[in-house]
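Notes follow once the structure below has been shown.
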Amino acid sequence: STKDRASMIKPTIQGRLYEYVGGIVRAEKGLLLAIGGTPDHLHMLVQWRTDEAIADLLRDVKSRSSSWIHKTFPAFRTFAWQEGYGVFSVSKSQEKRLRAYIAGQEEHHRTRDFKEEFLRLLRAHDIDYDEKYLWD
């Protein structure tokens with residue numbers, strides 16, 4: 001998510017941002033299978049390597065993409081990602097379903113905001129959480 005869920009991923013930068021993120025994933029020897037989102041967050045389906053932590057990839061994606069946005073789009077100099085993130089593993093059998101979910105983010109979020117969605121995902125996967133640590 002963007003910091004404070006600000007609507008910063010505008011259509012004018014969205015496509016280029018997604019391409020740039022894909023380049024970061026490839027440079028780190030991963031494979032970006034799908035990417036999509038809304039103006040305040042994005043979802044990625046990534047095939048990741050077993051010899052590196054996913055936290056390292058997400059740190060790189062967030063820091064490098066923020067820097068790139070600031071340099072490439074001066075009007076977006078206040079762009080920032082939130083401090084945290086969510087990661088869920090997915091079985092190959094669910095890949096098609098997840099790709100459709102990611103592709104349908106704009107429509108999906110007409111009825112459910114980011115916070116509702118994230119809480120639903122945590123509950124669906126029986127992940128314990130304290131809500132005071134979820135939102136920055």
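Following the order of the structure tokens, chains are lettered A, B, ..., residues in each are numbered from 1, and ligands are numbered from 1.
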
Quick one: which region 35-70 of chain A residues come within 9 Å of region 16-23 of chain A, and what is the nearest atom pair for each with the distance in Å to one decimal, counting only C-alpha atoms, rows ordered by chain and ascending number, as JSON lines?
{"residue": "A:Ile35", "atom": "CA", "partner": "A:Tyr18", "partner_atom": "CA", "distance": 6.7}
{"residue": "A:Gly36", "atom": "CA", "partner": "A:Tyr18", "partner_atom": "CA", "distance": 7.7}
{"residue": "A:Val61", "atom": "CA", "partner": "A:Val21", "partner_atom": "CA", "distance": 6.3}
{"residue": "A:Lys62", "atom": "CA", "partner": "A:Val21", "partner_atom": "CA", "distance": 8.8}
{"residue": "A:Arg64", "atom": "CA", "partner": "A:Val21", "partner_atom": "CA", "distance": 8.5}
{"residue": "A:Ser65", "atom": "CA", "partner": "A:Val21", "partner_atom": "CA", "distance": 6.6}
{"residue": "A:Trp68", "atom": "CA", "partner": "A:Tyr20", "partner_atom": "CA", "distance": 8.5}
{"residue": "A:Ile69", "atom": "CA", "partner": "A:Leu17", "partner_atom": "CA", "distance": 7.7}

Can you write just those residues out, N, CA and C atoms, as a short mmCIF file (atom, residue, chain, number, x, y, z; two decimals), in the first residue's frame?
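Once everything was written out, this is part_39.cif:
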data_model
loop_
_atom_site.label_atom_id
_atom_site.label_comp_id
_atom_site.auth_asym_id
_atom_site.auth_seq_id
_atom_site.Cartn_x
_atom_site.Cartn_y
_atom_site.Cartn_z
N ILE A 35 0.65 -8.46 -11.96
CA ILE A 35 0.68 -7.27 -11.13
C ILE A 35 -0.56 -6.45 -11.44
N GLY A 36 -1.13 -5.86 -10.42
CA GLY A 36 -2.32 -5.02 -10.61
C GLY A 36 -2.67 -4.37 -9.29
N VAL A 61 12.04 -3.60 -4.00
CA VAL A 61 10.94 -3.09 -4.83
C VAL A 61 10.46 -1.75 -4.30
N LYS A 62 10.25 -1.67 -3.01
CA LYS A 62 9.71 -0.42 -2.44
C LYS A 62 10.71 0.72 -2.53
N ARG A 64 13.53 1.04 -4.49
CA ARG A 64 13.93 1.39 -5.85
C ARG A 64 12.78 2.00 -6.65
N SER A 65 11.57 1.50 -6.45
CA SER A 65 10.44 2.08 -7.19
C SER A 65 10.12 3.48 -6.68
N TRP A 68 12.70 5.79 -8.17
CA TRP A 68 12.44 5.95 -9.60
C TRP A 68 11.26 6.89 -9.84
N ILE A 69 10.19 6.73 -9.08
CA ILE A 69 9.02 7.62 -9.23
C ILE A 69 9.44 9.07 -8.96
#

Exercise: Glu106 (chain A) partners within 12 Å, only C-alpha atoms, chain neighbours under 3 positions left out, as a CSV table (one decimal) with all heavy atoms, in the first residue's frame:
chain,number,residue,atom,x,y,z
A,11,PRO,N,-3.3,6.7,-13.1
A,11,PRO,CA,-3.2,6.1,-14.4
A,11,PRO,C,-2.0,6.5,-15.2
A,11,PRO,O,-1.4,5.8,-16.0
A,11,PRO,CB,-4.5,6.4,-15.1
A,11,PRO,CG,-5.5,6.6,-13.9
A,11,PRO,CD,-4.6,7.2,-12.8
A,36,GLY,N,-1.1,-5.9,-10.4
A,36,GLY,CA,-2.3,-5.0,-10.6
A,36,GLY,C,-2.7,-4.4,-9.3
A,36,GLY,O,-2.1,-4.7,-8.2
A,37,GLY,N,-3.5,-3.4,-9.4
A,37,GLY,CA,-3.9,-2.8,-8.1
A,37,GLY,C,-4.9,-1.6,-8.3
A,37,GLY,O,-5.6,-1.5,-9.4
A,38,THR,N,-4.8,-0.7,-7.4
A,38,THR,CA,-5.6,0.5,-7.4
A,38,THR,C,-4.7,1.7,-7.1
A,38,THR,O,-3.5,1.5,-6.9
A,38,THR,CB,-6.7,0.4,-6.3
A,38,THR,OG1,-6.1,0.4,-5.1
A,38,THR,CG2,-7.6,-0.9,-6.5
A,39,PRO,N,-5.3,2.9,-7.1
A,39,PRO,CA,-4.4,4.0,-6.8
A,39,PRO,C,-3.7,4.0,-5.4
A,39,PRO,O,-2.7,4.7,-5.2
A,39,PRO,CB,-5.4,5.2,-6.9
A,39,PRO,CG,-6.4,4.8,-7.8
A,39,PRO,CD,-6.6,3.3,-7.5
A,40,ASP,N,-4.2,3.1,-4.5
A,40,ASP,CA,-3.5,3.1,-3.2
A,40,ASP,C,-2.8,1.8,-2.8
A,40,ASP,O,-2.2,1.7,-1.7
A,40,ASP,CB,-4.5,3.5,-2.1
A,40,ASP,CG,-5.5,2.4,-1.8
A,40,ASP,OD1,-5.6,1.4,-2.5
A,40,ASP,OD2,-6.3,2.6,-0.9
A,41,HIS,N,-2.8,0.9,-3.7
A,41,HIS,CA,-2.0,-0.4,-3.4
A,41,HIS,C,-1.8,-1.2,-4.7
A,41,HIS,O,-2.5,-1.0,-5.7
A,41,HIS,CB,-2.6,-1.2,-2.3
A,41,HIS,CG,-3.9,-1.9,-2.7
A,41,HIS,ND1,-5.1,-1.3,-2.8
A,41,HIS,CD2,-4.1,-3.2,-3.0
A,41,HIS,CE1,-6.0,-2.2,-3.2
A,41,HIS,NE2,-5.4,-3.4,-3.3
A,42,LEU,N,-0.9,-2.2,-4.6
A,42,LEU,CA,-0.8,-3.1,-5.7
A,42,LEU,C,-0.6,-4.5,-5.1
A,42,LEU,O,-0.2,-4.7,-4.0
A,42,LEU,CB,0.3,-2.7,-6.6
A,42,LEU,CG,1.8,-2.7,-6.1
A,42,LEU,CD1,2.4,-4.1,-6.1
A,42,LEU,CD2,2.6,-1.8,-7.1
A,43,HIS,N,-0.9,-5.5,-6.0
A,43,HIS,CA,-0.7,-6.9,-5.7
A,43,HIS,C,0.2,-7.4,-6.7
A,43,HIS,O,0.2,-7.0,-7.9
A,43,HIS,CB,-2.0,-7.7,-5.9
A,43,HIS,CG,-3.1,-7.3,-4.9
A,43,HIS,ND1,-3.2,-8.0,-3.7
A,43,HIS,CD2,-4.0,-6.4,-4.8
A,43,HIS,CE1,-4.2,-7.5,-3.0
A,43,HIS,NE2,-4.7,-6.5,-3.7
A,100,ALA,N,-6.7,-13.8,-11.9
A,100,ALA,CA,-8.0,-13.1,-12.2
A,100,ALA,C,-8.3,-12.1,-11.1
A,100,ALA,O,-8.8,-11.0,-11.4
A,100,ALA,CB,-9.1,-14.1,-12.3
A,101,TYR,N,-8.1,-12.4,-9.9
A,101,TYR,CA,-8.3,-11.6,-8.7
A,101,TYR,C,-7.4,-10.3,-8.9
A,101,TYR,O,-7.9,-9.2,-8.7
A,101,TYR,CB,-7.9,-12.3,-7.4
A,101,TYR,CG,-7.9,-11.4,-6.2
A,101,TYR,CD1,-9.0,-11.0,-5.6
A,101,TYR,CD2,-6.6,-11.0,-5.7
A,101,TYR,CE1,-9.0,-10.2,-4.5
A,101,TYR,CE2,-6.6,-10.2,-4.5
A,101,TYR,CZ,-7.8,-9.8,-3.9
A,101,TYR,OH,-7.7,-9.0,-2.8
A,102,ILE,N,-6.2,-10.5,-9.2
A,102,ILE,CA,-5.3,-9.3,-9.4
A,102,ILE,C,-5.7,-8.5,-10.6
A,102,ILE,O,-5.7,-7.2,-10.5
A,102,ILE,CB,-3.8,-9.8,-9.6
A,102,ILE,CG1,-3.3,-10.4,-8.2
A,102,ILE,CG2,-2.9,-8.7,-10.1
A,102,ILE,CD1,-1.9,-11.1,-8.3
A,103,ALA,N,-6.1,-9.1,-11.6
A,103,ALA,CA,-6.6,-8.3,-12.8
A,103,ALA,C,-7.8,-7.5,-12.5
A,103,ALA,O,-8.1,-6.5,-13.2
A,103,ALA,CB,-6.8,-9.2,-14.0
A,109,HIS,N,-12.5,-3.4,-5.8
A,109,HIS,CA,-12.4,-2.3,-4.8
A,109,HIS,C,-13.5,-1.3,-4.9
A,109,HIS,O,-13.5,-0.3,-4.1
A,109,HIS,CB,-11.0,-1.7,-4.7
A,109,HIS,CG,-10.0,-2.6,-4.0
A,109,HIS,ND1,-10.1,-2.8,-2.7
A,109,HIS,CD2,-9.1,-3.4,-4.5
A,109,HIS,CE1,-9.2,-3.7,-2.4
A,109,HIS,NE2,-8.5,-4.0,-3.5
A,110,ARG,N,-14.4,-1.5,-5.7
A,110,ARG,CA,-15.6,-0.6,-5.8
A,110,ARG,C,-16.5,-0.9,-4.6
A,110,ARG,O,-17.3,-0.1,-4.1
A,110,ARG,CB,-16.4,-0.8,-7.1
A,110,ARG,CG,-15.7,-0.2,-8.2
A,110,ARG,CD,-16.5,-0.2,-9.5
A,110,ARG,NE,-15.7,0.3,-10.6
A,110,ARG,CZ,-15.5,-0.4,-11.7
A,110,ARG,NH1,-16.1,-1.6,-11.9
A,110,ARG,NH2,-14.8,0.1,-12.6
A,111,THR,N,-16.4,-2.1,-4.0
A,111,THR,CA,-17.2,-2.5,-2.9
A,111,THR,C,-16.5,-2.8,-1.6
A,111,THR,O,-17.1,-3.0,-0.6
A,111,THR,CB,-18.0,-3.8,-3.3
A,111,THR,OG1,-17.1,-4.9,-3.6
A,111,THR,CG2,-18.9,-3.5,-4.5
A,112,ARG,N,-15.2,-2.9,-1.7
A,112,ARG,CA,-14.4,-3.2,-0.5
A,112,ARG,C,-13.1,-2.4,-0.5
A,112,ARG,O,-12.3,-2.5,-1.5
A,112,ARG,CB,-14.0,-4.7,-0.5
A,112,ARG,CG,-13.2,-5.2,0.7
A,112,ARG,CD,-12.9,-6.6,0.7
A,112,ARG,NE,-14.2,-7.4,0.9
A,112,ARG,CZ,-14.5,-8.5,0.3
A,112,ARG,NH1,-13.6,-9.1,-0.6
A,112,ARG,NH2,-15.6,-9.1,0.5
A,113,ASP,N,-12.8,-1.7,0.6
A,113,ASP,CA,-11.5,-0.9,0.6
A,113,ASP,C,-10.4,-1.8,1.0
A,113,ASP,O,-10.5,-2.9,1.4
A,113,ASP,CB,-11.7,0.4,1.4
A,113,ASP,CG,-11.7,0.1,2.9
A,113,ASP,OD1,-11.5,-1.1,3.4
A,113,ASP,OD2,-12.1,1.0,3.7
A,114,PHE,N,-9.2,-1.2,0.9
A,114,PHE,CA,-7.9,-1.9,1.2
A,114,PHE,C,-7.9,-2.5,2.6
A,114,PHE,O,-7.5,-3.7,2.7
A,114,PHE,CB,-6.7,-0.9,1.0
A,114,PHE,CG,-5.4,-1.6,1.4
A,114,PHE,CD1,-4.8,-2.4,0.6
A,114,PHE,CD2,-4.9,-1.2,2.7
A,114,PHE,CE1,-3.6,-3.0,1.0
A,114,PHE,CE2,-3.7,-1.8,3.1
A,114,PHE,CZ,-3.0,-2.7,2.3

DSSP alpha helix (DSSP H) residues within region 12-124 of chain A, listed as number ranges by chain: A: 12-27, 54-72, 95-103, 105-108, 114-124

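Excluding region 129-134 of chain A and any residue on its chain fewer than 5 positions from it, the residues at most 9 Å away by only C-alpha atoms are A:Gly84, A:Tyr85, A:Leu119, A:Leu122.
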
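Here CA of Phe79 (chain A) is placed at a distance of 18.0 Å from CA of Ile24 (chain A).
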
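With CA of Lys96 (chain A) on one side and CA of Leu32 (chain A) on the other, the separation reads 14.1 Å.
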
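Counting from CA of Ser1 (chain A), the distance to CA of Ala80 (chain A) is 8.9 Å.
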
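With only C-alpha atoms as the basis for measurement, A:Leu121 is the residue among A:Leu121, A:Trp48, A:Arg99, A:Ala34 that approaches Gly86 (chain A) most closely.
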
Nearest to Gln82 (chain A), chosen from A:Gly104, A:Ala55, A:Val25, A:Ser66, with only C-alpha atoms counted in the distances: A:Ser66
